[in-house]
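Okay, my_file.tsv is below, TSV, C-alpha atoms and all ligand atoms:
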```tsv
chain	number	residue	atom	x	y	z
A	22	MET	CA	33.31	39.62	3.22
A	23	ASN	CA	36.67	39.05	4.86
A	24	LYS	CA	37.36	35.34	4.56
A	25	HIS	CA	40.05	35.32	7.20
A	26	VAL	CA	38.05	36.39	10.22
A	27	LEU	CA	38.00	33.05	12.01
A	28	ASP	CA	35.42	33.78	14.66
A	29	GLU	CA	32.92	34.72	11.97
A	30	PRO	CA	31.23	31.34	11.62
A	31	GLN	CA	29.91	31.84	8.10
A	32	ILE	CA	31.24	32.70	4.66
A	33	VAL	CA	29.28	33.81	1.61
A	34	LEU	CA	30.17	32.31	-1.75
A	35	ASP	CA	28.69	33.13	-5.16
A	36	LEU	CA	27.18	30.17	-6.93
A	37	PRO	CA	28.97	29.29	-10.19
A	38	ARG	CA	25.60	29.69	-11.93
A	39	ASP	CA	21.93	30.25	-11.09
A	40	VAL	CA	20.06	27.21	-9.89
A	41	ASP	CA	16.38	26.36	-9.66
A	42	ALA	CA	14.53	25.79	-6.38
A	43	GLU	CA	14.92	22.06	-6.61
A	44	VAL	CA	18.71	22.11	-7.01
A	45	ALA	CA	18.89	24.73	-4.23
A	46	GLY	CA	17.03	22.30	-1.97
A	47	ASP	CA	19.42	19.49	-2.89
A	48	ILE	CA	22.45	21.71	-2.20
A	49	GLU	CA	21.15	22.44	1.29
A	50	LYS	CA	20.16	18.87	2.06
A	51	GLU	CA	23.35	17.18	0.84
A	52	SER	CA	25.57	19.85	2.41
A	53	VAL	CA	25.78	17.85	5.64
A	54	PHE	CA	28.10	15.46	3.78
A	55	VAL	CA	30.66	18.07	2.67
A	56	SER	CA	32.90	18.45	5.73
A	57	PRO	CA	32.76	17.86	9.48
A	58	TYR	CA	33.61	21.58	9.79
A	59	ILE	CA	30.58	22.70	7.79
A	60	ASP	CA	27.34	22.78	9.69
A	61	ARG	CA	25.14	23.64	6.72
A	62	ILE	CA	25.22	25.40	3.40
A	63	LEU	CA	22.20	27.64	2.86
A	64	VAL	CA	21.21	29.07	-0.51
A	65	SER	CA	20.19	32.75	-0.62
A	66	ASP	CA	16.62	33.71	-1.57
A	67	ASP	CA	17.71	34.91	-5.02
A	68	ARG	CA	19.61	31.60	-5.42
A	69	ARG	CA	22.80	33.33	-6.59
A	70	SER	CA	24.94	32.74	-3.53
A	71	VAL	CA	25.26	30.51	-0.53
A	72	ARG	CA	26.12	30.97	3.12
A	73	VAL	CA	28.52	28.33	4.40
A	74	LEU	CA	27.90	27.93	8.13
A	75	LEU	CA	31.20	26.86	9.63
A	76	ARG	CA	32.07	25.27	12.89
A	77	ARG	CA	34.66	26.92	15.09
A	78	GLY	CA	38.25	25.95	14.44
A	79	ALA	CA	37.62	25.15	10.79
A	80	PRO	CA	40.77	25.19	8.62
A	81	ILE	CA	39.29	27.83	6.32
A	82	ASP	CA	41.22	27.30	3.10
A	83	GLU	CA	40.84	23.55	3.08
A	84	VAL	CA	37.15	23.64	3.99
A	85	MET	CA	36.29	26.35	1.47
A	86	ASP	CA	38.09	24.43	-1.25
A	87	LYS	CA	35.87	21.44	-0.45
A	88	ALA	CA	32.75	23.60	-0.40
A	89	LYS	CA	33.62	25.07	-3.82
A	90	ARG	CA	34.23	21.64	-5.34
A	91	TYR	CA	30.92	20.44	-3.88
A	92	LEU	CA	29.02	23.44	-5.29
A	93	ALA	CA	30.66	23.03	-8.70
A	94	ALA	CA	29.45	19.41	-8.80
A	95	MET	CA	25.95	20.26	-7.60
A	96	VAL	CA	25.30	23.09	-10.08
A	97	ARG	CA	26.12	20.73	-12.95
A	98	GLN	CA	22.83	18.99	-12.21
A	99	VAL	CA	20.23	19.13	-14.88
A	100	SER	CA	17.56	21.47	-13.66
A	101	GLY	CA	14.43	23.07	-14.90
A	102	PHE	CA	13.20	20.17	-17.00
A	103	ASP	CA	9.48	19.65	-16.98
A	104	ILE	CA	8.17	17.58	-14.16
A	105	LYS	CA	5.38	15.47	-15.57
A	106	VAL	CA	2.41	14.65	-13.35
A	107	PHE	CA	0.87	11.25	-14.12
A	108	LEU	CA	-1.79	11.09	-11.42
A	109	GLU	CA	-3.32	13.56	-8.99
A	110	THR	CA	-5.87	12.78	-6.28
A	111	LYS	CA	-7.83	15.23	-4.11
A	112	ARG	CA	-9.00	14.41	-0.60
A	113	ARG	CA	-12.62	14.78	0.58
A	114	ASP	CA	-11.71	16.07	4.08
A	115	GLN	CA	-12.22	19.87	4.11
A	116	GLY	CA	-10.23	20.55	7.30
A	117	ASP	CA	-6.87	22.28	7.33
A	118	TYR	CA	-3.59	20.43	7.18
A	119	VAL	CA	-2.15	20.01	10.69
A	120	ARG	CA	1.24	21.37	11.74
A	121	ASP	CA	3.84	19.72	13.98
A	122	VAL	CA	2.46	16.23	13.52
A	123	ASN	CA	5.60	14.63	14.97
A	124	ALA	CA	5.23	16.60	18.20
A	125	GLY	CA	1.50	15.87	18.28
A	126	LEU	CA	2.12	12.13	18.00
A	127	VAL	CA	4.83	12.22	20.66
A	128	SER	CA	2.65	14.18	23.10
A	129	ARG	CA	-0.13	11.58	22.72
A	130	GLY	CA	2.32	8.82	23.55
A	131	TRP	CA	1.94	7.16	20.13
A	132	LEU	CA	5.46	7.93	18.94
A	133	HIS	CA	8.82	7.75	20.65
A	134	ASP	CA	11.69	9.43	18.84
A	135	TYR	CA	15.10	8.05	19.82
A	136	GLY	CA	16.65	11.15	18.26
A	137	LYS	CA	18.92	9.30	15.85
A	138	GLY	CA	16.53	8.64	13.01
A	139	GLN	CA	14.71	5.72	14.52
A	140	VAL	CA	11.24	5.79	16.02
A	141	ALA	CA	9.08	3.47	18.07
A	142	TYR	CA	5.33	3.67	17.73
A	143	SER	CA	2.14	2.26	19.16
A	144	GLY	CA	-1.61	2.92	19.29
A	145	PRO	CA	-3.13	4.67	16.26
A	146	VAL	CA	0.28	5.21	14.62
A	147	LEU	CA	1.06	1.49	14.68
A	148	LYS	CA	-2.46	0.58	13.62
A	149	LEU	CA	-2.31	3.01	10.72
A	150	ALA	CA	1.17	1.81	9.67
A	151	ARG	CA	-0.08	-1.77	9.64
A	152	LEU	CA	-3.28	-0.85	7.81
A	153	ILE	CA	-1.38	1.00	5.06
A	154	ASP	CA	1.00	-1.94	4.68
A	155	ARG	CA	-1.79	-4.52	4.70
A	156	THR	CA	-3.96	-2.57	2.26
A	157	ALA	CA	-1.09	-2.21	-0.22
A	158	GLY	CA	-0.10	-5.87	0.21
A	159	ALA	CA	-3.69	-6.99	-0.44
A	160	LEU	CA	-3.90	-4.82	-3.58
A	161	TYR	CA	-0.65	-6.37	-4.85
A	162	THR	CA	-1.93	-9.88	-4.23
A	163	ARG	CA	-5.21	-9.11	-5.97
A	164	THR	CA	-3.79	-7.19	-8.93
A	165	TYR	CA	-0.50	-8.98	-9.55
A	166	LYS	CA	-0.96	-12.30	-7.75
A	167	ALA	CA	2.23	-11.22	-6.02
A	168	GLN	CA	4.01	-13.86	-3.94
A	169	ASP	CA	4.82	-12.97	-0.32
A	170	ARG	CA	8.51	-12.87	0.55
A	171	HIS	CA	10.73	-12.03	3.49
A	172	PHE	CA	14.26	-10.63	3.31
A	173	PRO	CA	16.86	-9.78	5.95
A	174	ALA	CA	17.77	-6.27	7.06
A	175	MET	CA	21.50	-6.90	6.51
A	176	ILE	CA	23.04	-7.09	3.05
A	177	ASP	CA	26.59	-7.80	1.96
A	178	ALA	CA	28.76	-5.21	0.23
A	179	GLU	CA	29.15	-7.40	-2.88
A	180	THR	CA	25.40	-7.27	-3.48
A	181	LEU	CA	25.28	-3.51	-2.90
A	182	LYS	CA	28.14	-3.00	-5.32
A	183	ALA	CA	26.45	-5.17	-7.93
A	184	CYS	CA	23.27	-3.11	-7.43
A	185	GLY	CA	25.26	0.04	-8.26
A	186	TYR	CA	24.62	1.58	-4.84
A	187	PHE	CA	28.21	2.62	-4.19
A	188	ASP	CA	28.10	4.58	-7.45
A	189	SER	CA	24.85	6.36	-6.76
A	190	HIS	CA	24.67	6.89	-2.98
A	191	PRO	CA	28.11	6.24	-1.39
A	192	ASN	CA	27.27	8.68	1.41
A	193	ALA	CA	24.19	6.76	2.56
A	194	VAL	CA	25.81	3.35	3.20
A	195	THR	CA	26.00	1.88	6.71
A	196	PHE	CA	28.69	-0.73	7.36
A	197	LEU	CA	28.51	-2.97	10.38
A	198	GLY	CA	31.55	-3.22	12.64
A	199	ASN	CA	32.57	-6.00	15.01
A	200	VAL	CA	35.19	-6.21	17.74
A	201	VAL	CA	38.20	-8.04	16.32
A	202	GLU	CA	38.45	-11.72	17.20
A	203	ASP	CA	41.23	-11.11	19.70
A	204	PHE	CA	41.04	-12.15	23.34
A	205	ASP	CA	42.85	-9.06	24.63
A	206	ALA	CA	40.86	-6.61	22.55
A	207	ILE	CA	37.56	-8.17	23.64
A	208	GLU	CA	38.69	-8.19	27.27
A	209	GLU	CA	39.78	-4.54	27.07
A	210	PHE	CA	36.34	-3.59	25.70
A	211	ARG	CA	34.54	-5.60	28.41
A	212	LYS	CA	36.61	-4.17	31.25
A	213	ALA	CA	36.34	-0.58	30.06
A	214	ASN	CA	32.54	-0.82	30.08
A	215	SER	CA	32.21	-2.70	33.36
A	216	CYS	CA	33.09	0.43	35.34
A	217	SER	CA	32.16	3.29	33.00
A	218	GLU	CA	29.15	5.58	33.25
A	219	GLY	CA	28.26	5.69	29.57
A	220	ALA	CA	28.98	3.21	26.81
A	221	LEU	CA	32.62	3.13	25.71
A	222	LEU	CA	33.20	2.03	22.15
A	223	PRO	CA	36.08	-0.27	21.27
A	224	ALA	CA	39.29	1.40	20.06
A	225	ARG	CA	39.17	2.08	16.34
A	226	ASP	CA	41.86	-0.45	15.51
A	227	HIS	CA	39.94	-3.06	17.50
A	228	VAL	CA	36.94	-2.87	15.19
A	229	HIS	CA	36.79	-4.53	11.82
A	230	ILE	CA	34.33	-4.00	9.01
A	231	ASP	CA	33.94	-7.18	7.03
A	232	GLY	CA	31.50	-6.02	4.39
A	233	MET	CA	28.11	-6.50	5.99
A	234	CYS	CA	25.86	-3.47	5.56
A	235	LEU	CA	22.36	-2.44	6.50
A	236	ASN	CA	20.09	-2.66	3.48
A	237	PRO	CA	19.48	0.81	1.97
A	238	ALA	CA	16.86	-0.02	-0.71
A	239	ALA	CA	14.04	-2.48	-0.18
A	240	CYS	CA	14.32	-4.37	-3.46
A	241	PHE	CA	18.08	-5.17	-3.43
A	242	PRO	CA	18.01	-8.40	-1.39
A	243	CYS	CA	15.51	-10.02	-3.76
A	244	TYR	CA	17.82	-10.05	-6.79
A	245	PRO	CA	20.40	-12.57	-5.47
A	246	ALA	CA	17.43	-14.72	-4.38
A	247	LEU	CA	16.05	-14.69	-7.94
A	248	SER	CA	19.44	-15.38	-9.50
A	249	GLY	CA	19.37	-18.31	-11.92
A	250	HIS	CA	15.58	-18.24	-12.15
A	251	VAL	CA	13.76	-18.22	-15.46
A	252	MET	CA	10.68	-15.99	-15.32
A	253	HIS	CA	9.02	-16.93	-18.61
A	254	ASP	CA	6.30	-14.28	-18.77
A	255	GLY	CA	6.96	-12.72	-15.40
A	256	GLU	CA	6.66	-12.89	-11.61
A	257	CYS	CA	5.72	-10.44	-8.87
A	258	HIS	CA	6.98	-10.54	-5.31
A	259	THR	CA	5.97	-8.39	-2.36
A	260	TRP	CA	7.16	-7.92	1.22
A	261	LEU	CA	7.65	-5.44	4.03
A	262	GLY	CA	11.31	-4.45	3.97
A	263	ARG	CA	13.33	-2.64	6.60
A	264	VAL	CA	15.54	0.01	5.10
A	265	PHE	CA	18.45	2.11	6.42
A	266	ARG	CA	19.83	5.29	4.86
A	267	TYR	CA	22.50	7.27	6.62
A	268	GLU	CA	21.24	10.85	6.53
A	269	SER	CA	23.85	12.43	8.78
A	270	ARG	CA	22.23	15.49	10.36
A	271	ASN	CA	19.23	15.52	8.02
A	272	ILE	CA	17.16	13.23	10.24
A	273	ASN	CA	13.86	14.71	11.33
A	274	GLY	CA	10.94	12.83	12.91
A	275	LEU	CA	8.87	10.71	10.54
A	276	ASP	CA	9.91	12.96	7.60
A	277	ARG	CA	13.43	11.65	7.38
A	278	LEU	CA	14.35	8.52	9.26
A	279	TYR	CA	17.58	6.53	9.26
A	280	GLU	CA	15.61	3.30	9.70
A	281	PHE	CA	12.18	2.85	8.13
A	282	ASN	CA	9.79	0.34	6.59
A	283	VAL	CA	8.90	-0.07	2.95
A	284	ARG	CA	6.11	-2.14	1.39
A	285	GLU	CA	7.92	-3.34	-1.69
A	286	LEU	CA	6.69	-4.86	-4.93
A	287	VAL	CA	9.14	-6.24	-7.47
A	288	PHE	CA	8.16	-7.44	-10.93
A	289	ALA	CA	10.52	-9.30	-13.22
A	290	GLY	CA	9.98	-10.77	-16.65
A	291	THR	CA	9.60	-9.79	-20.28
A	292	GLU	CA	9.54	-6.16	-21.32
A	293	ALA	CA	5.80	-6.32	-22.03
A	294	TYR	CA	5.10	-7.90	-18.64
A	295	VAL	CA	7.10	-5.28	-16.75
A	296	ARG	CA	5.53	-2.42	-18.69
A	297	ASP	CA	2.07	-3.79	-17.92
A	298	CYS	CA	2.95	-4.12	-14.20
A	299	ARG	CA	4.13	-0.54	-14.06
A	300	ALA	CA	0.94	0.69	-15.74
A	301	LYS	CA	-1.18	-1.18	-13.17
A	302	SER	CA	0.64	0.51	-10.29
A	303	LEU	CA	-0.91	3.93	-10.93
A	304	PRO	CA	-4.54	2.88	-10.19
A	305	ILE	CA	-3.24	1.07	-7.10
A	306	VAL	CA	-1.70	4.24	-5.72
A	307	GLU	CA	-4.94	6.03	-6.61
A	308	GLU	CA	-6.94	3.45	-4.64
A	309	LEU	CA	-4.57	3.75	-1.66
A	310	ALA	CA	-4.87	7.54	-1.70
A	311	SER	CA	-8.65	7.21	-1.87
A	312	THR	CA	-8.79	4.65	0.98
A	313	PHE	CA	-6.86	7.02	3.26
A	314	ASP	CA	-8.43	10.14	1.66
A	315	LEU	CA	-5.20	11.88	0.70
A	316	ASP	CA	-4.12	14.59	-1.70
A	317	CYS	CA	-1.44	12.78	-3.63
A	318	ARG	CA	0.36	12.83	-6.95
A	319	ILE	CA	2.64	10.69	-9.03
A	320	GLN	CA	5.27	12.58	-10.98
A	321	THR	CA	8.69	12.34	-12.60
A	322	ALA	CA	11.30	11.77	-9.94
A	323	THR	CA	14.43	13.82	-9.53
A	324	ASP	CA	15.77	12.56	-6.22
A	325	PRO	CA	19.29	13.61	-5.36
A	326	PHE	CA	22.26	11.39	-6.01
A	327	PHE	CA	25.63	12.07	-4.46
A	328	ALA	CA	27.03	15.31	-5.86
A	329	THR	CA	29.57	14.00	-8.36
A	330	VAL	CA	27.17	11.61	-10.08
A	331	SER	CA	24.12	13.85	-9.88
A	332	ALA	CA	24.34	15.44	-13.29
A	333	ALA	CA	24.52	12.25	-15.32
A	334	LYS	CA	22.08	10.22	-13.25
A	335	LYS	CA	19.45	12.90	-12.98
A	336	PHE	CA	19.41	13.48	-16.70
A	337	TRP	CA	19.08	9.76	-17.34
A	338	GLN	CA	16.30	9.44	-14.80
A	339	ALA	CA	14.23	12.25	-16.26
A	340	ALA	CA	14.86	11.53	-19.90
A	341	GLN	CA	13.88	7.90	-19.57
A	342	GLU	CA	11.04	8.51	-17.14
A	343	VAL	CA	12.36	5.43	-15.45
A	344	LYS	CA	11.52	6.69	-12.01
A	345	ASN	CA	8.26	8.18	-10.82
A	346	GLU	CA	7.74	9.45	-7.33
A	347	ILE	CA	4.63	9.30	-5.17
A	348	LYS	CA	4.43	12.73	-3.56
A	349	ILE	CA	2.03	13.60	-0.78
A	350	PRO	CA	1.66	17.19	0.43
A	351	VAL	CA	2.55	17.86	4.08
A	352	LEU	CA	3.60	20.99	6.00
A	353	ASP	CA	7.17	22.02	6.78
A	354	ALA	CA	8.24	23.54	10.12
A	355	ALA	CA	7.18	27.02	8.95
A	356	GLY	CA	3.72	25.76	7.95
A	357	ASN	CA	4.34	25.87	4.20
A	358	THR	CA	3.10	23.03	2.00
A	359	LYS	CA	5.83	20.76	0.70
A	360	LEU	CA	5.64	17.57	-1.32
A	361	LEU	CA	6.93	14.62	0.67
A	362	ALA	CA	8.30	11.70	-1.36
A	363	CYS	CA	6.31	8.77	0.02
A	364	GLY	CA	7.24	6.16	-2.52
A	365	SER	CA	8.62	5.49	-5.95
A	366	ILE	CA	7.79	3.48	-9.05
A	367	ASN	CA	10.91	2.38	-10.90
A	368	LEU	CA	11.85	0.64	-14.10
A	369	HIS	CA	15.36	-0.83	-14.14
A	370	GLY	CA	15.50	-2.17	-17.71
A	371	ASN	CA	17.63	-5.33	-17.70
A	372	PHE	CA	20.19	-3.90	-15.22
A	373	PHE	CA	19.43	-6.32	-12.38
A	374	GLY	CA	18.47	-9.14	-14.74
A	375	THR	CA	21.93	-8.97	-16.29
A	376	ARG	CA	23.90	-8.42	-13.10
A	377	PHE	CA	22.13	-11.20	-11.18
A	378	ASN	CA	21.44	-13.61	-14.04
A	379	ILE	CA	17.67	-13.48	-13.85
A	380	GLN	CA	16.18	-14.67	-17.13
A	381	ALA	CA	12.90	-13.81	-18.80
A	382	ASP	CA	13.18	-16.57	-21.34
A	383	ALA	CA	16.10	-18.84	-22.03
A	384	GLY	CA	19.10	-16.64	-22.65
A	385	GLU	CA	17.43	-13.26	-22.34
A	386	ALA	CA	18.00	-11.12	-19.23
A	387	ALA	CA	14.76	-10.27	-17.42
A	388	GLN	CA	13.55	-6.71	-17.16
A	389	THR	CA	12.65	-5.60	-13.67
A	390	GLY	CA	10.76	-2.85	-11.93
A	391	CYS	CA	9.70	-2.05	-8.41
A	392	VAL	CA	7.24	-0.01	-6.38
A	393	GLY	CA	8.25	1.02	-2.86
A	394	LEU	CA	5.95	2.72	-0.35
A	395	GLY	CA	7.57	4.40	2.66
A	396	ILE	CA	5.17	3.41	5.41
A	397	GLU	CA	6.18	5.98	8.04
A	398	ARG	CA	5.92	8.81	5.51
A	399	TRP	CA	2.40	7.72	4.54
A	400	VAL	CA	1.54	7.79	8.26
A	401	LEU	CA	2.95	11.30	8.64
A	402	ALA	CA	1.10	12.49	5.54
A	403	ALA	CA	-2.21	11.00	6.69
A	404	PHE	CA	-1.99	12.63	10.13
A	405	THR	CA	-0.98	15.93	8.49
A	406	GLN	CA	-4.02	15.87	6.20
A	407	HIS	CA	-6.60	14.66	8.78
A	408	GLY	CA	-5.22	15.62	12.18
A	409	PHE	CA	-6.11	13.91	15.44
A	410	ASP	CA	-9.91	14.11	15.34
A	411	ALA	CA	-11.32	10.73	14.27
A	412	ARG	CA	-14.29	12.43	12.57
A	413	ARG	CA	-12.06	13.87	9.86
A	414	TRP	CA	-10.79	10.42	8.83
A	415	PRO	CA	-12.56	8.02	6.46
A	416	ASP	CA	-14.95	5.93	8.62
A	417	ALA	CA	-13.40	2.57	7.86
A	418	VAL	CA	-9.91	3.84	8.69
A	419	ALA	CA	-11.02	5.70	11.83
A	420	GLN	CA	-12.80	2.63	13.17
A	421	GLU	CA	-9.68	0.59	12.76
A	422	ILE	CA	-7.00	2.96	14.04
A	423	PHE	CA	-8.80	4.86	16.82
A	424	ALA	CA	-10.68	1.84	18.18
A	501	ZN	ZN	13.20	-1.02	-5.47
```

Now that the file is in, can you turn its structure into structure tokens?
Amino acid sequence: MNKHVLDEPQIVLDLPRDVDAEVAGDIEKESVFVSPYIDRILVSDDRRSVRVLLRRGAPIDEVMDKAKRYLAAMVRQVSGFDIKVFLETKRRDQGDYVRDVNAGLVSRGWLHDYGKGQVAYSGPVLKLARLIDRTAGALYTRTYKAQDRHFPAMIDAETLKACGYFDSHPNAVTFLGNVVEDFDAIEEFRKANSCSEGALLPARDHVHIDGMCLNPAACFPCYPALSGHVMHDGECHTWLGRVFRYESRNINGLDRLYEFNVRELVFAGTEAYVRDCRAKSLPIVEELASTFDLDCRIQTATDPFFATVSAAKKFWQAAQEVKNEIKIPVLDAAGNTKLLACGSINLHGNFFGTRFNIQADAGEAAQTGCVGLGIERWVLAAFTQHGFDARRWPDAVAQEIFA
């Protein structure tokens, strides 16, 4: 293909080496972060080349250099290792999975999509979201005697850095900006908007970012709050956290939101305590899947990190089995079954215990672990597997959400 034909909006590149389906999926998903001039990068069916979909006016050499560096980083990922399945549940409902659940919920007036990765919901969607959250919370209280907590949606950059988030997911961070504390700048912003049709944002040099962010992982805000505590055997804490991950153009209905809710459980204490807590989480997920009658599995996680750190992190994650994912089958736009990551079960070793001075016993850094359940994804999965007819849902759930 001639790389210099500018009005041809795509260029084919050979991949530096063959990749498996999972890495191919990651390449496509993360490609929205490569360049403002690249719309998408799509991997060919034989997974030997990619099509780089360019936007008009792209400075070809510069953009292709970026694309090549991105692909070189992505293909270094460890791929093809065995994914271990730790738990698998089968639903009792015999009906087919339902397509286009997002559209179905919107048309019934139960879901409003703002179009930027946030949704509003009501009726059965809200009732189901609350029921999933409440059921999980009650199981955590019963099984772990977990203490209820509340944490803010904002988090400071120092905490995120200490949590290692800038190393693992620098592309997903959201910083908050404020108009500078300057009378003229504030006045200019006010005046501009008083007579404009749409919203006018302040000039770039009139906005400052002072290090407040939107929290991207439910458990992070708990570690500073536990700092200086001595756990002795161990403690469990649970709450409903609001989480924000910048997904650029990957947002898509309830599948991939910018802002979502997570029922979080954090356990901290001795190694034996944390190991025991993790083991108890599998039957809890099994009970949740049974309550909502869902096909579900727990397996080794391989979620994508930002390209340049992917290789090292992914290997570590798989080798240590430190992260398991709760995957629930749903349908993609073409009607094919795909596994939606609806939660994760993580062991952190003494990483947070050391960084935030949380002690298990005098002098020894606590081990920690967490279980996060993405509420909106559980809702999407449940509607995909049971549809909109109350008779296909478990009686107890149907009575509560369709009442
Ligand atoms: Zn967590």

Item to check | ligand ZN 501 (chain A) neighbours within 8 Å using only C-alpha atoms and all ligand atoms, as a PyMOL selection string | outcome: chain A and resi 238-241+285-287+365-367+390-393

Got a sec: who's within 12 Å of Thr195 in chain A, counting all atoms listed in the file, leaving out chain neighbours fewer than 6 positions off, as a PDB file with C-alpha atoms, in the frame of the given file?
```pdb
ATOM      1  CA  ALA A 174      17.770  -6.270   7.060  1.00  0.00           C
ATOM      2  CA  MET A 175      21.500  -6.900   6.510  1.00  0.00           C
ATOM      3  CA  ILE A 176      23.040  -7.090   3.050  1.00  0.00           C
ATOM      4  CA  ASP A 177      26.590  -7.800   1.960  1.00  0.00           C
ATOM      5  CA  ALA A 178      28.760  -5.210   0.230  1.00  0.00           C
ATOM      6  CA  LEU A 181      25.280  -3.510  -2.900  1.00  0.00           C
ATOM      7  CA  TYR A 186      24.620   1.580  -4.840  1.00  0.00           C
ATOM      8  CA  PHE A 187      28.210   2.620  -4.190  1.00  0.00           C
ATOM      9  CA  ILE A 230      34.330  -4.000   9.010  1.00  0.00           C
ATOM     10  CA  GLY A 232      31.500  -6.020   4.390  1.00  0.00           C
ATOM     11  CA  MET A 233      28.110  -6.500   5.990  1.00  0.00           C
ATOM     12  CA  CYS A 234      25.860  -3.470   5.560  1.00  0.00           C
ATOM     13  CA  LEU A 235      22.360  -2.440   6.500  1.00  0.00           C
ATOM     14  CA  ASN A 236      20.090  -2.660   3.480  1.00  0.00           C
ATOM     15  CA  PRO A 237      19.480   0.810   1.970  1.00  0.00           C
ATOM     16  CA  ALA A 238      16.860  -0.020  -0.710  1.00  0.00           C
ATOM     17  CA  VAL A 264      15.540   0.010   5.100  1.00  0.00           C
ATOM     18  CA  PHE A 265      18.450   2.110   6.420  1.00  0.00           C
ATOM     19  CA  ARG A 266      19.830   5.290   4.860  1.00  0.00           C
ATOM     20  CA  TYR A 267      22.500   7.270   6.620  1.00  0.00           C
ATOM     21  CA  GLU A 268      21.240  10.850   6.530  1.00  0.00           C
ATOM     22  CA  SER A 269      23.850  12.430   8.780  1.00  0.00           C
ATOM     23  CA  TYR A 279      17.580   6.530   9.260  1.00  0.00           C
ATOM     24  CA  GLU A 280      15.610   3.300   9.700  1.00  0.00           C
TER      25      GLU A 280
END
```

Checklist outcome for this item: Residue with the minimum atom-to-atom distance to Asn271 in chain A, picked from A:Ala193, A:Val228, A:Ala383, A:Ala42 with only C-alpha atoms counted, is A:Ala193

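With all atoms listed in the file as the atoms that count, the minimum distance from Phe172 in chain A to the choices A:Glu256, A:Asp316, A:Pro245, A:Glu49 is reached by A:Pro245.
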
Using all atoms of range 111-114 of chain A listed in the file and a margin of 4 Å per side, can you give the axis-aligned box centre and edge lengths in Å to one decimal, as lines of an AutoDock Vina configuration file?
```
center_x = -10.2
center_y = 15.2
center_z = 0.0
size_x = 12.8
size_y = 9.7
size_z = 16.2
```

Next on the checklist: The residues within 12 Å of (6.5, 16.7, 16.1), using only C-alpha atoms and the coordinates of the file, should be reported as number ranges by chain; which are they?
Outcome noted: A: 119-134, 136, 140, 273-276, 352-354, 401, 404-405
